[in-house]
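Student: See upload.cif below, with mmCIF, C-alpha atoms.
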```
data_protein
loop_
_atom_site.label_atom_id
_atom_site.label_comp_id
_atom_site.auth_asym_id
_atom_site.auth_seq_id
_atom_site.Cartn_x
_atom_site.Cartn_y
_atom_site.Cartn_z
CA MET E 1 75.18 -7.48 87.13
CA SER E 2 73.87 -4.13 88.28
CA SER E 3 75.22 -0.81 86.91
CA PRO E 4 77.16 1.51 89.25
CA ALA E 5 75.28 4.49 90.75
CA PRO E 6 75.96 7.84 89.14
CA GLU E 7 77.99 10.50 90.93
CA THR E 8 76.03 12.68 93.32
CA LEU E 9 75.89 16.40 92.24
CA GLU E 10 75.62 19.36 94.70
CA PRO E 11 72.49 21.37 94.26
CA ALA E 12 72.87 24.76 92.49
CA PRO E 13 72.69 27.89 94.71
CA SER E 14 69.43 29.75 94.80
CA GLN E 15 69.14 32.98 92.75
CA SER E 16 67.99 34.82 95.85
CA ASP E 17 71.33 34.20 97.50
CA ASN E 18 73.48 37.35 97.23
CA THR E 19 76.76 35.67 98.01
CA THR E 20 79.39 35.80 95.36
CA THR E 21 80.69 32.26 96.06
CA PRO E 22 81.28 30.68 92.71
CA PRO E 23 79.35 27.50 91.97
CA VAL E 24 81.01 24.11 92.50
CA PRO E 25 82.36 22.86 89.19
CA VAL E 26 80.60 19.90 87.75
CA SER E 27 82.71 16.96 86.75
CA THR E 28 82.96 16.61 83.03
CA ALA E 29 84.13 12.96 83.30
CA ALA E 30 80.62 11.58 83.25
CA GLU E 31 80.04 8.23 81.98
CA PRO E 32 79.25 7.89 78.34
CA ILE E 33 75.60 7.85 77.49
CA ARG E 34 74.39 4.37 77.03
CA PRO E 35 72.04 3.50 74.27
CA SER E 36 68.35 3.64 74.94
CA SER E 37 68.04 -0.09 74.57
CA ALA E 38 69.29 -0.64 78.07
CA GLY E 39 65.83 -1.61 79.38
CA SER E 40 65.43 -0.73 83.09
CA ASN E 41 68.07 1.90 83.03
CA ASP E 42 66.12 4.26 80.68
CA GLY E 43 64.40 6.16 83.45
CA SER E 44 67.53 6.76 85.47
CA GLN E 45 69.44 7.90 82.47
CA SER E 46 66.76 10.47 81.48
CA SER E 47 66.56 11.87 84.96
CA THR E 48 70.30 12.20 85.07
CA SER E 49 70.49 14.11 81.79
CA SER E 50 67.69 16.49 82.75
CA SER E 51 69.37 17.32 86.06
CA GLU E 52 72.59 18.05 84.28
CA VAL E 53 70.85 20.47 81.91
CA VAL E 54 69.23 22.30 84.83
CA VAL E 55 72.55 22.63 86.61
CA VAL E 56 74.24 24.07 83.50
CA GLU E 57 71.46 26.60 82.88
CA SER E 58 71.45 27.73 86.52
CA ALA E 59 75.21 28.15 86.40
CA LYS E 60 74.94 30.36 83.31
CA GLU E 61 72.25 32.48 84.93
CA ASN E 62 74.44 32.94 88.01
CA GLU E 63 77.34 34.12 85.85
CA VAL E 64 75.11 36.66 84.04
CA VAL E 65 73.79 38.03 87.38
CA GLU E 66 77.29 38.34 88.80
CA GLU E 67 78.54 40.19 85.74
CA ALA E 68 75.57 42.62 85.97
CA GLU E 69 76.30 43.26 89.66
CA GLU E 70 79.97 43.89 88.94
CA VAL E 71 79.02 46.46 86.23
CA GLU E 72 76.55 48.29 88.52
CA LYS E 73 78.99 48.62 91.44
CA PRO E 74 81.51 50.94 89.73
CA VAL E 75 78.67 53.04 88.28
CA LYS E 76 77.22 53.55 91.77
CA SER E 77 80.61 54.38 93.19
CA GLU E 78 81.21 56.97 90.49
CA GLU E 79 77.79 58.56 91.15
CA SER E 80 78.43 58.71 94.91
CA LYS E 81 81.71 60.65 94.45
CA PRO E 82 81.38 64.51 94.74
CA GLU E 83 81.87 66.42 91.55
CA PRO E 84 85.17 68.26 91.53
CA ALA E 85 85.07 72.09 91.31
CA SER E 86 85.35 73.37 87.83
CA PRO E 87 88.78 74.85 87.33
CA ALA E 88 89.15 78.58 86.61
CA PRO E 89 89.08 79.43 82.96
CA GLN E 90 92.54 79.35 81.60
CA ALA E 91 93.91 81.16 78.68
CA LYS E 92 93.51 79.22 75.53
CA GLU E 93 96.59 78.45 73.64
CA THR E 94 96.82 80.19 70.37
CA ALA E 95 99.12 79.60 67.52
CA ILE E 96 102.62 78.40 68.24
CA GLY E 97 104.76 81.20 69.63
CA ALA E 98 101.83 83.62 70.17
CA PRO E 99 100.98 84.84 73.72
CA PRO E 100 97.91 83.25 75.29
CA LEU E 101 94.62 85.12 75.12
CA PRO E 102 93.23 86.54 78.39
CA PRO E 103 90.48 84.51 80.03
CA THR E 104 86.92 85.43 79.13
CA PRO E 105 85.20 87.15 82.14
CA SER E 106 82.12 85.55 83.55
CA VAL E 107 78.68 87.15 83.57
CA GLU E 108 79.04 88.23 87.20
CA GLN E 109 82.40 89.87 86.55
CA ALA E 110 81.05 91.75 83.51
CA ALA E 111 78.03 92.98 85.50
CA ALA E 112 80.29 94.16 88.34
CA SER E 113 82.55 96.05 85.90
CA ILE E 114 79.67 98.07 84.42
CA ALA E 115 77.88 98.71 87.72
CA PRO E 116 77.81 102.44 88.75
CA LYS E 117 80.47 103.35 91.23
CA SER E 118 79.59 105.05 94.49
CA VAL E 119 79.93 108.87 94.61
CA PRO E 120 82.91 109.98 96.68
CA SER E 121 82.22 111.68 99.96
CA LYS E 122 83.94 114.89 98.79
CA SER E 123 81.44 115.27 95.94
CA LYS E 124 78.57 114.86 98.38
CA GLU E 125 80.04 117.50 100.67
CA LEU E 126 80.52 119.88 97.75
CA THR E 127 76.93 119.37 96.62
CA LYS E 128 75.69 120.00 100.14
CA GLU E 129 77.74 123.19 100.38
CA LEU E 130 76.40 124.43 97.05
CA ARG E 131 72.84 123.81 98.17
CA GLN E 132 73.49 125.84 101.31
CA GLN E 133 75.12 128.75 99.47
CA LEU E 134 72.65 128.89 96.58
CA PRO E 135 69.83 130.63 98.51
CA LYS E 136 72.27 133.31 99.73
CA CYS E 137 73.56 133.95 96.21
CA LEU E 138 70.02 134.14 94.87
CA THR E 139 69.09 136.61 97.61
CA LYS E 140 71.99 138.92 96.75
CA THR E 141 71.25 138.65 93.05
CA ASN E 142 67.59 139.41 93.66
CA ILE E 143 68.47 142.56 95.63
CA PHE E 144 70.80 143.75 92.87
CA VAL E 145 68.25 143.12 90.10
CA SER E 146 65.52 144.82 92.13
CA ARG E 147 67.65 147.94 92.52
CA ILE E 148 68.38 148.02 88.78
CA ASN E 149 64.68 147.66 88.04
CA LYS E 150 63.88 150.48 90.44
CA LEU E 151 66.58 152.65 88.87
CA MET E 152 65.35 152.09 85.33
CA SER E 153 61.71 152.62 86.33
CA SER E 154 62.24 156.36 86.86
CA ALA E 155 62.86 158.80 84.02
CA THR E 156 65.79 160.41 85.86
CA GLY E 157 67.49 157.08 86.56
CA THR E 158 67.05 155.92 82.96
CA ASP E 159 68.49 159.18 81.65
CA ARG E 160 71.53 158.87 83.93
CA VAL E 161 72.21 155.31 82.81
CA LEU E 162 71.85 156.13 79.11
CA MET E 163 73.98 159.26 79.42
CA THR E 164 76.80 157.32 81.10
CA ILE E 165 76.72 154.58 78.46
CA SER E 166 76.59 157.02 75.55
CA SER E 167 79.48 159.13 76.88
CA SER E 168 81.57 156.04 77.58
CA LEU E 169 81.00 154.79 74.04
CA THR E 170 82.04 158.20 72.70
CA VAL E 171 85.34 157.95 74.61
CA LEU E 172 85.89 154.39 73.38
CA THR E 173 85.20 155.16 69.72
CA ALA E 174 87.47 158.21 69.87
CA GLN E 175 90.32 156.00 71.06
CA PHE E 176 89.62 153.43 68.36
CA ASP E 177 89.70 156.10 65.67
CA LYS E 178 93.00 157.40 67.03
CA LEU E 179 94.54 153.93 66.97
CA ALA E 180 93.31 153.42 63.41
CA SER E 181 94.92 156.69 62.35
CA TYR E 182 98.20 155.62 63.96
CA ARG E 183 98.02 152.38 62.01
CA ALA E 184 97.51 154.30 58.79
CA LEU E 185 100.52 156.50 59.60
CA ALA E 186 102.64 153.47 60.38
CA HIS E 187 101.89 152.03 56.93
CA SER E 188 102.49 155.34 55.20
CA ARG E 189 105.49 155.61 52.93
CA ASN E 190 106.17 159.13 54.09
CA PRO E 191 108.98 158.93 56.72
CA GLU E 192 107.89 162.23 58.26
CA LYS E 193 104.50 160.78 59.11
CA VAL E 194 105.91 157.50 60.40
CA ARG E 195 107.95 159.34 63.03
CA VAL E 196 104.83 160.60 64.83
CA VAL E 197 103.55 157.08 65.51
CA PRO E 198 103.85 156.26 69.23
CA VAL E 199 106.20 153.38 69.97
CA GLY E 200 103.63 151.64 72.17
CA LEU E 201 101.14 151.40 69.30
CA LEU E 202 103.41 149.74 66.76
CA GLY E 203 101.63 146.47 67.42
CA TYR E 204 98.70 147.70 65.38
CA ILE E 205 100.89 147.66 62.27
CA VAL E 206 99.97 144.00 61.78
CA LEU E 207 96.36 144.96 61.02
CA PRO E 208 95.21 145.17 57.38
CA ARG E 209 96.49 148.14 55.42
CA ARG E 210 93.16 149.22 54.00
CA PRO E 211 91.33 151.49 56.45
CA GLU E 212 87.91 150.09 55.54
CA ALA E 213 89.14 146.58 56.31
CA SER E 214 90.53 147.52 59.71
CA ARG E 215 88.87 145.80 62.65
CA LEU E 216 89.10 148.90 64.78
CA VAL E 217 87.32 151.00 62.18
CA ALA E 218 84.52 148.43 61.84
CA VAL E 219 84.01 148.14 65.61
CA SER E 220 84.16 151.91 66.03
CA ALA E 221 81.45 152.41 63.39
CA ARG E 222 79.09 150.03 65.18
CA LEU E 223 79.69 151.64 68.57
CA LYS E 224 79.10 155.09 67.09
CA ALA E 225 75.76 153.92 65.75
CA LEU E 226 74.80 152.64 69.21
CA ALA E 227 75.84 155.91 70.88
CA SER E 228 73.81 157.89 68.35
CA LEU E 229 70.76 155.72 68.99
CA ILE E 230 71.06 156.23 72.75
CA SER E 231 71.33 160.00 72.29
CA ASP E 232 68.20 159.95 70.14
CA VAL E 233 66.32 158.00 72.84
CA ARG E 234 67.35 160.53 75.51
CA ILE E 235 66.05 163.44 73.46
CA PHE E 236 62.79 161.59 72.82
CA MET E 237 62.34 161.03 76.56
CA ARG E 238 62.73 164.79 77.13
CA LEU E 239 59.76 165.65 74.88
CA TRP E 240 57.58 165.75 78.00
CA GLY E 241 60.02 167.96 79.90
CA LEU E 242 57.66 170.93 79.78
CA PHE E 243 55.42 169.23 82.34
CA GLY E 244 58.34 169.14 84.73
CA MET E 245 59.03 172.83 84.10
CA TYR E 246 55.45 173.65 84.98
CA GLU E 247 55.67 171.73 88.26
CA TRP E 248 58.93 173.50 89.09
CA LEU E 249 57.29 176.87 88.47
CA VAL E 250 54.26 176.05 90.62
CA ALA E 251 56.44 174.77 93.49
CA THR E 252 58.57 177.94 93.36
CA VAL E 253 55.52 180.21 93.40
CA GLN E 254 53.99 178.33 96.34
CA ASP E 255 57.23 178.15 98.35
CA PRO E 256 59.76 180.68 96.99
CA PRO E 257 63.30 180.89 98.38
CA LYS E 258 63.66 183.29 101.32
CA ASP E 259 66.72 184.97 99.84
CA ALA E 260 65.82 187.50 97.13
CA THR E 261 68.86 186.66 95.01
CA LEU E 262 68.11 182.95 95.05
CA ARG E 263 64.49 183.66 94.19
CA LYS E 264 65.51 185.74 91.18
CA ILE E 265 68.00 183.04 90.03
CA THR E 266 65.33 180.36 90.29
CA TYR E 267 62.84 182.22 88.10
CA LEU E 268 65.54 182.89 85.50
CA GLN E 269 66.49 179.20 85.43
CA ILE E 270 62.86 178.19 84.91
CA ALA E 271 62.58 180.56 81.94
CA ALA E 272 65.88 179.43 80.39
CA ASN E 273 65.00 175.74 80.73
CA THR E 274 61.53 176.28 79.29
CA LEU E 275 62.92 177.97 76.18
CA TYR E 276 65.59 175.28 75.90
CA GLN E 277 62.95 172.53 76.00
CA ILE E 278 60.68 174.17 73.43
CA LEU E 279 63.48 174.72 70.90
CA GLU E 280 64.87 171.21 71.34
CA ASN E 281 61.45 169.66 70.78
CA LEU E 282 60.96 171.67 67.58
CA ALA E 283 64.39 170.71 66.24
CA TYR E 284 63.94 167.02 67.11
CA LEU E 285 60.46 166.70 65.61
CA GLY E 286 61.60 168.57 62.49
CA GLN E 287 64.59 166.25 62.12
CA HIS E 288 62.26 163.23 62.14
CA LYS E 289 59.86 164.84 59.62
CA VAL E 290 57.11 165.20 62.19
CA LEU E 291 57.03 168.99 61.80
CA PRO E 292 57.72 170.93 58.57
CA VAL E 293 61.02 172.43 59.74
CA GLY E 294 63.87 172.95 57.27
CA LYS E 295 67.43 171.85 57.95
CA ARG E 296 68.69 175.41 58.33
CA ARG E 297 66.02 176.22 60.90
CA GLN E 298 66.72 172.92 62.63
CA SER E 299 70.37 173.89 63.04
CA ASN E 300 69.36 177.24 64.52
CA TYR E 301 66.97 175.57 66.94
CA TRP E 302 69.70 173.17 68.07
CA LEU E 303 72.18 175.99 68.61
CA TRP E 304 69.80 178.25 70.52
CA SER E 305 68.50 175.43 72.69
CA SER E 306 72.10 174.68 73.68
CA ARG E 307 72.71 178.36 74.43
CA PHE E 308 69.73 178.48 76.79
CA TRP E 309 71.17 175.33 78.39
CA MET E 310 74.45 177.23 78.80
CA ALA E 311 72.53 180.11 80.40
CA HIS E 312 71.09 177.64 82.92
CA VAL E 313 74.61 176.43 83.77
CA VAL E 314 75.83 180.02 84.27
CA LEU E 315 72.86 180.71 86.55
CA GLU E 316 73.66 177.52 88.44
CA PHE E 317 77.18 178.77 89.16
CA TRP E 318 75.64 181.98 90.46
CA ARG E 319 73.25 180.03 92.68
CA LEU E 320 76.08 177.87 94.08
CA LYS E 321 78.10 180.98 94.92
CA ARG E 322 75.16 182.53 96.72
CA ASP E 323 74.57 179.29 98.65
CA ARG E 324 78.20 179.26 99.68
CA ASP E 325 78.01 182.82 100.93
CA LEU E 326 74.91 182.07 102.96
CA SER E 327 76.47 178.85 104.27
CA ALA E 328 79.60 180.74 105.33
CA LYS E 329 77.51 183.03 107.54
CA GLY E 330 75.69 180.06 108.99
CA LYS E 331 78.99 178.25 109.50
CA GLN E 332 80.34 181.19 111.47
CA LYS E 333 77.32 181.04 113.75
CA ALA E 334 77.71 177.25 114.13
CA GLU E 335 81.38 177.61 115.07
CA ASP E 336 80.42 180.19 117.68
CA THR E 337 78.04 177.62 119.21
CA GLY E 338 80.51 174.72 118.82
CA GLU E 339 78.59 172.91 116.05
CA GLY E 340 79.22 172.22 112.40
CA GLU E 341 80.92 169.60 110.18
CA GLU E 342 83.78 169.81 107.74
CA VAL E 343 84.03 167.76 104.53
CA LYS E 344 87.14 168.14 102.41
CA TRP E 345 86.50 168.85 98.75
CA TYR E 346 89.19 166.36 97.66
CA ASP E 347 87.67 163.50 99.69
CA VAL E 348 85.66 162.15 96.76
CA VAL E 349 84.33 159.04 98.54
CA SER E 350 83.01 161.01 101.50
CA VAL E 351 81.45 163.65 99.25
CA LEU E 352 79.65 161.07 97.11
CA ASN E 353 78.36 159.01 100.03
CA SER E 354 77.36 161.83 102.36
CA ASP E 355 74.10 163.74 102.52
CA SER E 356 75.49 166.74 104.33
CA LYS E 357 74.82 170.17 102.93
CA ARG E 358 78.46 170.70 101.95
CA SER E 359 78.63 167.30 100.18
CA VAL E 360 75.50 168.10 98.16
CA TRP E 361 76.96 171.49 97.25
CA LEU E 362 80.27 169.89 96.11
CA ARG E 363 78.48 167.30 93.96
CA GLN E 364 76.44 170.01 92.26
CA LEU E 365 79.61 172.01 91.64
CA TRP E 366 81.47 169.04 90.08
CA SER E 367 78.52 168.16 87.87
CA ASN E 368 78.14 171.81 86.74
CA LEU E 369 81.87 172.00 85.95
CA ALA E 370 81.50 168.93 83.72
CA TYR E 371 78.44 170.34 81.93
CA ALA E 372 79.95 173.80 81.27
CA PRO E 373 82.40 172.76 78.50
CA LEU E 374 79.67 170.70 76.83
CA THR E 375 77.29 173.66 76.69
CA VAL E 376 79.98 175.83 75.10
CA HIS E 377 80.79 173.09 72.57
CA CYS E 378 77.12 172.61 71.60
CA SER E 379 76.46 176.37 71.42
CA LEU E 380 79.03 176.83 68.66
CA GLU E 381 78.29 175.85 65.08
CA ARG E 382 81.64 174.09 64.63
CA GLY E 383 82.12 173.06 68.22
CA ALA E 384 85.12 173.64 70.47
CA LEU E 385 86.05 170.19 71.85
CA SER E 386 87.24 166.90 70.43
CA ARG E 387 85.10 163.80 70.61
CA LEU E 388 87.34 162.43 73.33
CA SER E 389 86.82 165.54 75.47
CA VAL E 390 83.09 165.53 74.88
CA GLY E 391 82.84 161.90 75.96
CA THR E 392 85.04 162.46 79.02
CA PHE E 393 83.06 165.44 80.38
CA GLY E 394 79.79 163.69 79.66
CA ALA E 395 80.94 160.52 81.45
CA ILE E 396 81.95 162.52 84.55
CA ALA E 397 78.59 164.27 84.78
CA GLY E 398 76.75 161.01 84.07
CA LEU E 399 78.62 159.03 86.72
CA ILE E 400 77.95 161.62 89.41
CA GLY E 401 74.23 161.62 88.65
CA LEU E 402 74.14 157.82 88.31
CA GLN E 403 75.83 157.30 91.67
CA GLN E 404 73.25 159.45 93.42
CA ALA E 405 70.37 157.78 91.62
CA TRP E 406 71.74 154.36 92.64
CA ARG E 407 71.98 155.42 96.28
CA ARG E 408 68.32 156.35 96.26
CA THR E 409 67.33 152.80 95.22
CA ALA E 410 68.74 151.28 98.44
#
```
As structure tokens - that is how I would like this structure written.
Tutor:
Amino acid sequence: MSSPAPETLEPAPSQSDNTTTPPVPVSTAAEPIRPSSAGSNDGSQSSTSSSEVVVVESAKENEVVEEAEEVEKPVKSEESKPEPASPAPQAKETAIGAPPLPPTPSVEQAAASIAPKSVPSKSKELTKELRQQLPKCLTKTNIFVSRINKLMSSATGTDRVLMTISSSLTVLTAQFDKLASYRALAHSRNPEKVRVVPVGLLGYIVLPRRPEASRLVAVSARLKALASLISDVRIFMRLWGLFGMYEWLVATVQDPPKDATLRKITYLQIAANTLYQILENLAYLGQHKVLPVGKRRQSNYWLWSSRFWMAHVVLEFWRLKRDRDLSAKGKQKAEDTGEGEEVKWYDVVSVLNSDSKRSVWLRQLWSNLAYAPLTVHCSLERGALSRLSVGTFGAIAGLIGLQQAWRRTA
């Protein structure tokens, strides 16, 4: 009796097939394996068992491939998705109950915060305006400095500047000394002396009580030293004054004044100024130990040089009077012809800035009036004026001469 044919199995799907259809399940109800002693059935049984092994191995391989494909699909899908934008940095939470810390700025934000800001338009306009005005200011300054240099280059201009400064310092130091004396009176225990202190100067009571410690006294001493130095320089510059006297004499001889009185006055002035210059030079050089001149003789030289200076001033008044008389006659003739000009003596600005004959005459008169008290003061052994008066008259004469010297530099 022949054995029944085994069940037919479906072939396993090829590995190249990409379909995901699961393999057909193999029936596990196979017949029991017969013993090998079955004779003719040995070959069929071996072929059947080998086919079953192949089917099982192919099924396992298919399951491994499918699992690998299922793992790769989500990985590819995740890679194909766009990366989400990184969220803005948020404040990190600190300890419980504490406020959050501010976010840390990025590199771009830090660079933008330290970048130089643009200059405002107003600053640019101001800079442009300054550049335009600077040449004009420099031009004006250059003109002013050039005039000062021209003024100080001449001996007359230098003497006028130094005289004005020295006289002004004399006035200033005299006021300082007066204020210091008022302070000393205010601190005095004598009620009779305290009463003479001006009410407006009581503020100086707060200064130190010791006179040598007073600020005013210390400043006044330094300014006095400067004024004395300037006076010494002026006298030194006049050492060569005799050359000027010689030129004046030669010019007068070559072109003498037409009026006999003026001619006589001019020769007398030349003689007085020559003697003044000789005596001053001797006294100055003896004071500085250049010449062997004793102190007593030095004092006499100083006094007599000042007296010859006073003689020159007196002669100058005489000359001005004679000029006025001659001008009055000429003025009468000018009025008859309808010509002439009138400058008021009290119009100071017009007199100082005019070159008319009357303006020149008024300036010479004012300057001579300022010099006259100084000559009297210097001609006396003990003097006749206070330091304040000496400084005031000297400043007036110096300013008149300085103003004219400054006009000539234009």
Student: Find the residue from E:Asn149, E:Ser389, E:Ser228, E:Ser154 that sits nearest to E:Tyr371; use all atoms listed in the file when measuring.
Tutor: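 The closest residue to E:Tyr371 is E:Ser389.
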Student: Could you give me, as a list of chain:residue names, the residues within 9 Å of E:Ala311, counting all atoms listed in the file and dropping anything in the same chain fewer than 3 positions from it?
Tutor: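 Counting all atoms listed in the file, the residues come to E:Gln269, E:Ala272, E:Asn273, E:Ser306, E:Arg307, E:Phe308, E:Val314, E:Leu315, E:Glu316, E:Thr375.
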Student: Please determine, counting only C-alpha atoms, which residue among E:Ala227, E:Leu320, E:Ile270, E:Leu374 has the shortest atom-to-atom distance to E:Leu362.
Tutor: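 Distance minimum relative to E:Leu362 lands on E:Leu320.
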Student: Which residues fall under the PyMOL selection byres ((chain E and resi 351-358) around 9) in this file, as a ChimeraX atom specification?
Tutor: /E:324,327,341-350,359-363,400,403-404,407
Student: Select, counting all atoms listed in the file, all protein, DNA and RNA residues no farther than 10 Å from (73.4, 172.0, 69.8) in file coordinates, and express the selection as a list in words.
Tutor: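 Every polymer residue passing the test: Glu280, Ala283, Gln298, Ser299, Asn300, Tyr301, Trp302, Leu303, Trp304, Ser305, Ser306, Arg307, Trp309, Leu374, Thr375, Val376, His377, Cys378, Ser379, Leu380, Glu381, Arg382 and Gly383 of chain E.
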Student: For each of E:Gly294, E:Gly394, E:Gly157, E:Pro373, take the minimum atom-to-atom distance to E:Val171, counting only C-alpha atoms, then give the residue where this is smallest.
Tutor: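 Among the listed residues, E:Gly394 lies closest to E:Val171.
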Student: Translate the PyMOL selection byres ((chain E and resi 169) around 8) into a concrete residue list for this structure, as a ChimeraX atom specification.
Tutor: /E:165-168,170-173,223-224,227,391
